[in-house]
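Peer 1: Below is the file my_file11.cif, which contains mmCIF, C-alpha atoms.
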```cif
data_start
#
loop_
_atom_site.label_atom_id
_atom_site.label_comp_id
_atom_site.auth_asym_id
_atom_site.auth_seq_id
_atom_site.Cartn_x
_atom_site.Cartn_y
_atom_site.Cartn_z
CA MET A 1 6.12 117.85 70.14
CA LYS A 2 6.98 115.80 67.07
CA ALA A 3 9.02 118.73 65.83
CA ILE A 4 11.27 118.89 68.88
CA LYS A 5 13.35 115.89 67.80
CA TYR A 6 14.14 117.61 64.52
CA LEU A 7 15.06 120.79 66.37
CA LEU A 8 17.42 118.81 68.62
CA VAL A 9 19.05 116.92 65.72
CA GLY A 10 19.50 120.25 63.95
CA LEU A 11 20.97 121.83 67.08
CA PHE A 12 23.43 118.97 67.42
CA PHE A 13 24.32 119.19 63.71
CA GLY A 14 24.91 122.94 63.98
CA ILE A 15 27.21 122.56 66.98
CA VAL A 16 29.20 119.68 65.43
CA LEU A 17 29.66 121.47 62.10
CA THR A 18 30.77 124.65 63.84
CA LYS A 19 33.08 122.93 66.33
CA CYS A 20 34.82 120.86 63.64
CA GLU A 21 35.04 124.12 61.63
CA ALA A 22 33.48 122.64 58.50
CA VAL A 23 31.54 125.93 58.39
CA SER A 24 34.79 127.89 58.16
CA TRP A 25 35.76 129.55 54.88
CA TYR A 26 39.39 128.94 55.92
CA ARG A 27 38.92 125.18 56.26
CA ILE A 28 37.34 124.90 52.81
CA TYR A 29 40.15 126.95 51.26
CA GLU A 30 42.76 124.84 53.07
CA MET A 31 41.04 121.66 51.85
CA PHE A 32 41.08 122.72 48.20
CA GLN A 33 44.77 123.64 48.56
CA PHE A 34 45.46 120.12 49.90
CA GLN A 35 47.15 121.69 52.91
CA SER A 36 45.28 119.76 55.59
CA PHE A 37 43.69 116.36 56.06
CA HIS A 38 41.07 117.77 58.46
CA MET A 39 38.11 118.22 56.05
CA TYR A 40 38.87 115.03 54.11
CA GLY A 41 38.96 113.15 57.41
CA ILE A 42 35.57 114.53 58.46
CA ILE A 43 33.92 113.64 55.15
CA MET A 44 35.45 110.17 54.97
CA VAL A 45 34.58 109.20 58.57
CA ALA A 46 31.02 110.53 58.10
CA ILE A 47 30.59 108.37 54.99
CA LEU A 48 32.14 105.32 56.68
CA THR A 49 29.83 105.75 59.68
CA GLY A 50 26.89 106.08 57.29
CA ILE A 51 27.86 102.99 55.28
CA VAL A 52 28.21 100.82 58.40
CA GLY A 53 24.98 102.20 59.90
CA LEU A 54 22.95 101.68 56.72
CA GLN A 55 24.30 98.14 56.28
CA ILE A 56 23.19 97.32 59.83
CA ILE A 57 19.78 98.91 59.14
CA LYS A 58 19.40 96.88 55.93
CA ARG A 59 20.64 93.52 57.24
CA LYS A 60 18.80 93.64 60.57
CA GLU A 61 15.74 95.21 58.92
CA VAL A 62 15.66 97.94 61.55
CA LYS A 63 12.32 99.75 61.78
CA ASP A 64 11.97 103.50 62.00
CA ILE A 65 10.49 105.38 64.94
CA LYS A 66 6.93 104.65 63.76
CA GLY A 67 7.63 100.96 63.22
CA ASN A 68 7.82 101.20 59.43
CA PRO A 69 10.72 99.62 57.53
CA ILE A 70 13.51 102.10 56.76
CA VAL A 71 13.68 102.44 52.99
CA ILE A 72 16.12 104.86 51.41
CA GLN A 73 15.30 105.56 47.80
CA ASP A 74 18.02 105.21 45.19
CA LYS A 75 19.10 108.40 43.43
CA GLU A 76 17.73 108.76 39.90
CA LYS A 77 19.94 107.29 37.20
CA GLY A 78 21.72 109.75 34.97
CA SER A 79 25.03 111.42 34.32
CA VAL A 80 24.90 114.91 32.84
CA ARG A 81 23.00 116.48 35.71
CA TYR A 82 25.39 115.00 38.27
CA TRP A 83 28.61 115.96 36.48
CA ILE A 84 27.53 119.45 35.40
CA GLY A 85 25.37 120.26 38.41
CA GLY A 86 28.11 118.98 40.70
CA LEU A 87 30.73 121.08 38.93
CA ILE A 88 28.63 124.24 39.20
CA PHE A 89 28.00 123.55 42.87
CA GLY A 90 31.73 123.00 43.45
CA LEU A 91 32.57 126.36 41.86
CA GLY A 92 30.24 128.10 44.31
CA TRP A 93 31.39 126.00 47.27
CA ALA A 94 35.01 127.04 46.81
CA MET A 95 34.14 130.62 45.84
CA VAL A 96 32.40 131.50 49.12
CA GLY A 97 33.57 128.55 51.23
CA ALA A 98 30.13 127.41 52.29
CA CYS A 99 27.60 124.79 51.31
CA PRO A 100 23.86 124.92 52.16
CA GLY A 101 24.09 123.56 55.75
CA PRO A 102 26.85 125.96 56.80
CA ILE A 103 25.08 128.90 55.11
CA PHE A 104 22.19 128.52 57.56
CA ILE A 105 24.47 127.73 60.52
CA LEU A 106 26.63 130.82 59.92
CA ILE A 107 23.60 133.10 59.64
CA GLY A 108 22.35 131.65 62.93
CA ALA A 109 25.75 132.36 64.45
CA GLY A 110 25.29 136.01 63.50
CA PHE A 111 27.39 136.45 60.35
CA MET A 112 25.07 138.84 58.51
CA SER A 113 27.10 138.93 55.28
CA VAL A 114 26.36 135.22 54.77
CA GLY A 115 22.78 136.38 54.20
CA LEU A 116 24.00 137.53 50.77
CA ILE A 117 25.05 133.94 49.99
CA LEU A 118 21.64 132.67 51.09
CA PHE A 119 19.94 135.28 48.90
CA GLY A 120 22.05 134.09 45.96
CA ALA A 121 21.39 130.43 46.73
CA VAL A 122 17.61 130.93 46.79
CA LEU A 123 17.92 132.91 43.55
CA GLY A 124 20.00 130.13 41.97
CA THR A 125 17.47 127.51 43.06
CA PHE A 126 14.69 129.64 41.55
CA LEU A 127 16.67 130.03 38.32
CA TYR A 128 17.06 126.26 38.06
CA GLY A 129 13.32 125.81 38.56
CA VAL A 130 12.62 128.24 35.71
CA ILE A 131 15.00 126.79 33.10
CA LYS A 132 14.98 123.17 34.31
CA ASP A 133 13.19 121.78 31.25
CA LYS A 134 15.69 123.31 28.85
CA LEU A 135 18.66 121.66 30.57
CA PRO A 136 20.09 118.22 29.74
CA HIS A 137 19.68 115.83 32.68
CA MET B 1 35.21 121.67 95.24
CA ASN B 2 38.51 122.51 93.68
CA PHE B 3 38.69 119.12 92.09
CA TYR B 4 35.20 119.58 90.64
CA PHE B 5 36.07 122.91 89.04
CA CYS B 6 39.31 121.51 87.73
CA ARG B 7 37.46 118.63 86.04
CA LYS B 8 34.87 121.01 84.65
CA SER B 9 37.47 123.23 83.08
CA ILE B 10 39.16 120.28 81.39
CA PHE B 11 35.75 119.29 80.00
CA MET B 12 35.11 122.82 78.74
CA GLU B 13 38.59 122.93 77.28
CA ILE B 14 37.89 119.82 75.22
CA ILE B 15 34.58 121.27 74.06
CA THR B 16 35.92 124.70 73.15
CA HIS B 17 38.94 123.41 71.22
CA THR B 18 38.62 122.35 67.59
CA TRP B 19 36.88 118.98 67.48
CA HIS B 20 38.91 116.15 66.00
CA TRP B 21 37.94 115.13 62.47
CA ALA B 22 37.35 111.50 63.41
CA ILE B 23 34.91 112.37 66.21
CA SER B 24 33.15 115.04 64.14
CA GLY B 25 32.84 112.82 61.07
CA PHE B 26 31.36 110.07 63.22
CA LEU B 27 28.84 112.49 64.76
CA ILE B 28 27.78 113.80 61.32
CA GLY B 29 27.22 110.18 60.23
CA ILE B 30 25.07 109.73 63.34
CA VAL B 31 22.99 112.81 62.41
CA MET B 32 22.24 111.23 59.03
CA LEU B 33 21.35 107.87 60.61
CA LEU B 34 19.12 109.55 63.22
CA LEU B 35 17.14 111.24 60.45
CA ASN B 36 16.85 107.87 58.68
CA TYR B 37 15.54 106.44 61.94
CA PHE B 38 12.93 109.22 61.97
CA GLY B 39 11.95 108.06 58.47
CA LYS B 40 13.61 111.02 56.73
CA VAL B 41 16.62 111.61 54.49
CA PHE B 42 19.48 113.96 55.38
CA GLY B 43 19.87 116.78 52.82
CA MET B 44 20.16 120.51 53.35
CA SER B 45 19.78 122.03 49.88
CA SER B 46 16.16 120.93 49.40
CA ASN B 47 15.33 123.56 52.03
CA LEU B 48 16.26 126.18 49.42
CA ARG B 49 13.54 124.76 47.18
CA SER B 50 11.10 124.92 50.10
CA LEU B 51 12.03 128.56 50.71
CA CYS B 52 11.23 129.32 47.05
CA SER B 53 7.92 127.47 47.24
CA MET B 54 6.91 129.29 50.44
CA THR B 55 6.71 132.53 48.44
CA GLY B 56 3.88 131.05 46.35
CA VAL B 57 5.94 131.06 43.17
CA GLY B 58 4.71 127.50 42.48
CA LYS B 59 1.68 128.99 40.72
CA ARG B 60 3.96 130.16 37.92
CA VAL B 61 6.88 127.73 38.02
CA PRO B 62 5.80 124.07 38.18
CA PHE B 63 9.10 122.99 39.83
CA PHE B 64 8.01 124.84 42.97
CA ASP B 65 4.48 123.46 42.91
CA TRP B 66 5.14 120.47 45.17
CA ASP B 67 4.27 119.28 48.61
CA TRP B 68 6.87 121.38 50.44
CA LYS B 69 4.80 121.21 53.59
CA SER B 70 5.80 117.55 53.87
CA GLN B 71 9.37 118.89 54.16
CA ARG B 72 8.66 121.23 57.05
CA TRP B 73 10.57 118.87 59.35
CA ASN B 74 13.70 119.79 57.38
CA LEU B 75 13.12 123.49 57.98
CA VAL B 76 12.94 122.68 61.70
CA VAL B 77 16.33 120.93 61.38
CA VAL B 78 17.65 124.13 59.78
CA LEU B 79 16.26 126.21 62.64
CA GLY B 80 17.98 123.93 65.13
CA ALA B 81 21.23 124.11 63.16
CA MET B 82 21.11 127.92 63.22
CA LEU B 83 20.61 127.82 66.98
CA GLY B 84 23.47 125.33 67.27
CA GLY B 85 25.71 127.66 65.28
CA TYR B 86 24.83 130.51 67.62
CA ILE B 87 25.57 128.47 70.75
CA ALA B 88 28.83 127.03 69.36
CA VAL B 89 30.19 130.41 68.25
CA HIS B 90 29.14 132.40 71.30
CA PHE B 91 29.65 129.90 74.14
CA LEU B 92 31.82 127.02 72.92
CA SER B 93 34.69 128.73 71.08
CA ASP B 94 38.15 129.91 72.06
CA ALA B 95 41.16 131.66 70.53
CA SER B 96 42.86 128.36 69.60
CA ASN B 97 40.19 127.61 66.96
CA VAL B 98 40.67 127.45 63.18
CA ALA B 99 44.38 126.65 63.47
CA ILE B 100 44.91 126.17 59.75
CA ASN B 101 48.19 125.30 58.05
CA PRO B 102 50.72 128.19 58.36
CA LYS B 103 51.43 127.75 54.64
CA THR B 104 47.76 128.47 53.92
CA ILE B 105 47.95 131.63 56.07
CA GLU B 106 51.00 132.80 54.10
CA GLN B 107 49.20 132.17 50.82
CA LEU B 108 46.15 134.09 52.05
CA ALA B 109 48.31 137.02 53.14
CA ALA B 110 49.56 137.29 49.56
CA LEU B 111 45.89 137.59 48.49
CA HIS B 112 45.33 140.27 51.20
CA ILE B 113 43.08 137.95 53.19
CA ASP B 114 43.45 138.18 56.99
CA ALA B 115 44.55 135.19 59.14
CA PRO B 116 41.90 133.38 61.22
CA ASN B 117 43.15 134.08 64.80
CA GLY B 118 40.36 131.91 66.17
CA ARG B 119 37.63 133.25 63.84
CA LEU B 120 35.65 131.15 61.36
CA LEU B 121 35.48 133.70 58.54
CA PRO B 122 37.93 136.30 57.18
CA ASP B 123 37.01 139.97 57.49
CA ALA B 124 38.23 140.56 53.95
CA LEU B 125 35.30 138.51 52.62
CA PHE B 126 32.69 138.64 55.39
CA GLY B 127 33.42 141.67 57.60
CA ASP B 128 30.95 144.56 57.85
CA ALA B 129 33.10 146.61 55.46
CA ILE B 130 32.13 144.35 52.55
CA PHE B 131 28.69 145.96 52.47
CA GLN B 132 30.48 149.04 51.10
CA SER B 133 32.10 147.02 48.31
CA PRO B 134 29.91 146.20 45.30
CA LYS B 135 32.56 143.71 44.19
CA MET B 136 32.41 141.73 47.44
CA ILE B 137 28.62 141.83 47.54
CA LEU B 138 28.56 140.49 44.01
CA ILE B 139 31.07 137.72 44.81
CA LEU B 140 28.94 136.43 47.70
CA ILE B 141 25.71 136.59 45.69
CA ILE B 142 27.22 134.90 42.62
CA GLY B 143 28.76 132.20 44.84
CA GLY B 144 25.32 131.65 46.32
CA VAL B 145 23.69 131.45 42.88
CA LEU B 146 26.21 128.78 41.82
CA ILE B 147 25.53 126.82 45.03
CA GLY B 148 21.74 127.04 44.69
CA PHE B 149 21.63 126.33 40.95
CA GLY B 150 24.25 123.57 41.08
CA SER B 151 22.81 121.73 44.05
CA ARG B 152 19.32 121.64 42.54
CA TYR B 153 20.66 120.63 39.11
CA ALA B 154 22.68 117.84 40.74
CA GLY B 155 19.77 117.00 43.04
CA GLY B 156 21.73 117.46 46.25
CA CYS B 157 24.73 119.02 47.96
CA THR B 158 27.45 117.95 50.36
CA SER B 159 24.87 116.48 52.77
CA GLY B 160 22.49 114.89 50.26
CA HIS B 161 25.11 113.44 47.92
CA ALA B 162 28.46 113.30 49.73
CA ILE B 163 27.05 111.99 53.02
CA SER B 164 23.59 110.46 52.37
CA GLY B 165 24.20 109.26 48.81
CA MET B 166 27.73 107.94 49.27
CA SER B 167 26.73 106.16 52.50
CA ASN B 168 24.04 104.40 50.46
CA LEU B 169 26.66 103.52 47.78
CA GLN B 170 24.92 105.53 45.06
CA ILE B 171 26.85 105.90 41.80
CA PRO B 172 25.00 109.13 40.85
CA SER B 173 26.19 110.63 44.14
CA LEU B 174 29.78 109.61 43.40
CA LYS B 175 29.52 111.44 40.06
CA ALA B 176 28.12 114.53 41.79
CA VAL B 177 30.83 114.48 44.47
CA ILE B 178 33.57 114.20 41.85
CA GLY B 179 31.90 117.18 40.17
CA PHE B 180 31.93 119.09 43.49
CA PHE B 181 35.67 118.62 43.84
CA VAL B 182 36.55 119.30 40.22
CA GLY B 183 34.53 122.54 40.38
CA GLY B 184 36.05 123.44 43.73
CA LEU B 185 39.61 122.86 42.55
CA ILE B 186 39.04 124.93 39.39
CA MET B 187 37.68 127.79 41.51
CA ALA B 188 40.35 127.60 44.22
CA HIS B 189 43.34 127.30 41.90
CA PHE B 190 42.40 129.18 38.73
CA ILE B 191 39.52 131.57 39.37
CA LEU B 192 39.95 132.83 42.97
CA PRO B 193 43.50 134.11 42.28
CA LEU B 194 42.04 136.19 39.42
CA ILE B 195 39.28 137.61 41.61
CA PHE B 196 41.52 138.69 44.52
#
```
What would you get if you wrote out this structure as structure tokens?
Peer 2:
Amino acid sequence: MKAIKYLLVGLFFGIVLTKCEAVSWYRIYEMFQFQSFHMYGIIMVAILTGIVGLQIIKRKEVKDIKGNPIVIQDKEKGSVRYWIGGLIFGLGWAMVGACPGPIFILIGAGFMSVGLILFGAVLGTFLYGVIKDKLPH
Amino acid sequence: MNFYFCRKSIFMEIITHTWHWAISGFLIGIVMLLLNYFGKVFGMSSNLRSLCSMTGVGKRVPFFDWDWKSQRWNLVVVLGAMLGGYIAVHFLSDASNVAINPKTIEQLAALHIDAPNGRLLPDALFGDAIFQSPKMILILIIGGVLIGFGSRYAGGCTSGHAISGMSNLQIPSLKAVIGFFVGGLIMAHFILPLIF
């Protein structure tokens, strides 16, 4: 029963991302051509909502569902991994017009060819795990 | 009765049209906050690491020898998202969807990529015919490799860095997001035109 809330949040996420068309290859292409505000609007409002929500959580010391304090760990310090890793991710994002969330959502929606992207993404993750220690971070 | 059906159809019309960016952005922010309330952190790409670990490869590659079972909740989120995608595409869509900029459609036509006409993905890149084209198969796999490798190297993707990290005012996430867009712009403006 504990799992059902995650299933419902995921269901909601899948519907929102599909209905705002953030899962659409066309929307990602249009965004990188600066020909629409749509995707930028989605990302900015999501971040703004998150900032306001997290500030409320921090200032009012809101507890989580189990009554524990909500603590969100800081990201590790560093630069190289974020610049280079981010750049590589961006190349892939614009190449196939999907990021990890939409990859799963599109496969669920029945787009079989997106399975090739998932195969590649798992392979890429595996590759990183293998050569991780040789990379600058 | 008539009034009831009339109201219902207006409701369905709102649902089946493209959702406004302000509403959608707000709802995505709420998804992240809900997961925080459940004591979790919103991030989709770590599921790719879990998928690797599930194969048992952790015995050989230490990076995959971790407590992925503690991340099973995230795989359940993915399952829900897949279901949500199915419902949204099959029951909550209409022909008015994906109304992108006419200029974008013109540009795509020059690259021999079909216009959306209500669909999320172009046939030229995702239609069944691509399985007969080694070039297209390779493009999708290589794109996936870049996404998987890059997101793990950067420690997150659009959800983990752009939404979760930026909402928490993390400088590393800002660097990653700038990287996402620089990479994306290079691909969209300089590399994609060479590929198509």
Peer 1: Take CA of Asp74 (chain A) and CA of Gly14 (chain A) and report the distance between them in Å, one decimal.
Peer 2: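 Spanning CA of Asp74 (chain A) to CA of Gly14 (chain A) is a straight-line distance of 26.7 Å.
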Peer 1: Suppose you want the space between CA of Val89 (chain B) and CA of Phe37 (chain A); what is it in Å?
Peer 2: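 A separation of 23.0 Å between them.
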Peer 1: Applied to the shown file, which residues does the PyMOL selection byres ((chain B and resi 153-158) around 8) return, written as a ChimeraX atom specification?
Peer 2: /A:81-86,89,99-100,128,132 /B:43-46,149-152,159-163,176-177
Peer 1: Using all atoms listed in the file, give me every residue within 8 Å of (19.4, 128.9, 48.8) in file coordinates, as a ChimeraX atom specification.
Peer 2: /A:100,117-125 /B:45,47-49,51,144-145,147-148
Peer 1: Include C-alpha atoms and write out the residues we just selected as a short mmCIF file (atom, residue, chain, number, x, y, z; two decimals), keeping the file's coordinate frame.
Peer 2:
```cif
data_model
loop_
_atom_site.label_atom_id
_atom_site.label_comp_id
_atom_site.auth_asym_id
_atom_site.auth_seq_id
_atom_site.Cartn_x
_atom_site.Cartn_y
_atom_site.Cartn_z
CA PRO A 100 23.86 124.92 52.16
CA ILE A 117 25.05 133.94 49.99
CA LEU A 118 21.64 132.67 51.09
CA PHE A 119 19.94 135.28 48.90
CA GLY A 120 22.05 134.09 45.96
CA ALA A 121 21.39 130.43 46.73
CA VAL A 122 17.61 130.93 46.79
CA LEU A 123 17.92 132.91 43.55
CA GLY A 124 20.00 130.13 41.97
CA THR A 125 17.47 127.51 43.06
CA SER B 45 19.78 122.03 49.88
CA ASN B 47 15.33 123.56 52.03
CA LEU B 48 16.26 126.18 49.42
CA ARG B 49 13.54 124.76 47.18
CA LEU B 51 12.03 128.56 50.71
CA GLY B 144 25.32 131.65 46.32
CA VAL B 145 23.69 131.45 42.88
CA ILE B 147 25.53 126.82 45.03
CA GLY B 148 21.74 127.04 44.69
#
```
Peer 1: Measuring atom to atom with only C-alpha atoms, identify which of A:Phe104, A:Tyr6, A:Phe111, A:Phe13 is nearest to Leu27 (chain B).
Peer 2: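 Between A:Phe104, A:Tyr6, A:Phe111, A:Phe13, the residue approaching Leu27 (chain B) most closely is A:Phe13.
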Peer 1: For chain A, which of B:Leu174, B:Leu108, B:Ala81, B:Ile191 is the closest residue, counting only C-alpha atoms?
Peer 2: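 The shortest atom-to-atom distance to chain A comes from B:Ala81.
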Peer 1: Looking at B:Leu125, B:Ile141, B:Val57, B:Ala110, which one is nearest to chain A, with distances taken over all atoms listed in the file?
Peer 2: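 Of B:Leu125, B:Ile141, B:Val57, B:Ala110, the one nearest chain A is B:Ile141, counting all atoms listed in the file.
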Peer 1: Rounded to one decimal in Å, what is the spacing between CA of Gly84 (chain B) and CA of Ile47 (chain A)?
Peer 2: 22.1 Å
Peer 1: So, counting all atoms listed in the file, which residue among B:Ser133, B:Thr104, B:Ser9, B:Ser96 is closest to chain A?
Peer 2: B:Thr104
Peer 1: Pick the closest to Ile195 (chain B) from B:Leu79, B:Ile28, B:Ala88, B:Met136: which is it, counting all atoms listed in the file?
Peer 2: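 Of B:Leu79, B:Ile28, B:Ala88, B:Met136, the one nearest Ile195 (chain B), counting all atoms listed in the file, is B:Met136.
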Peer 1: Please evaluate the PyMOL selection byres ((chain A and resi 57-61) around 12) against the structure above and give the resulting residues as a list in words.
Peer 2: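 When the PyMOL selection byres ((chain A and resi 57-61) around 12) is applied, the selected residues are Gly50, Ile51, Val52, Gly53, Leu54, Gln55, Ile56, Val62, Lys63, Asp64, Gly67, Asn68, Pro69, Ile70, Val71 and Ile72 of chain A; Leu33, Leu34, Asn36, Tyr37 and Asn168 of chain B.
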Peer 1: Out of A:Thr49, A:Gly78, A:Thr18, A:Gly129, which residue has the shortest atom-to-atom distance to Ile107 (chain A) when counting only C-alpha atoms?
Peer 2: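 Among the listed residues, A:Thr18 lies closest to Ile107 (chain A).
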Peer 1: (31.7, 130.0, 60.1) in this file's frame - what residues fall within 10 Å of it? Use only C-alpha atoms and give the answer as a PyMOL selection string.
Peer 2: (chain A and resi 17-19+21-27+97-98+102-111+114) or (chain B and resi 85+89+98+119-122+126)
Peer 1: Would you compute an axis-aligned box for region 46-53 of chain B, covering every atom listed for it in the file with 3 Å of margin on each side, and report centre and edge lengths in Å to one decimal as JSON?
Peer 2:
```
{"center_x": 12.1, "center_y": 125.1, "center_z": 49.5, "size_x": 14.3, "size_y": 14.4, "size_z": 11.0}
```
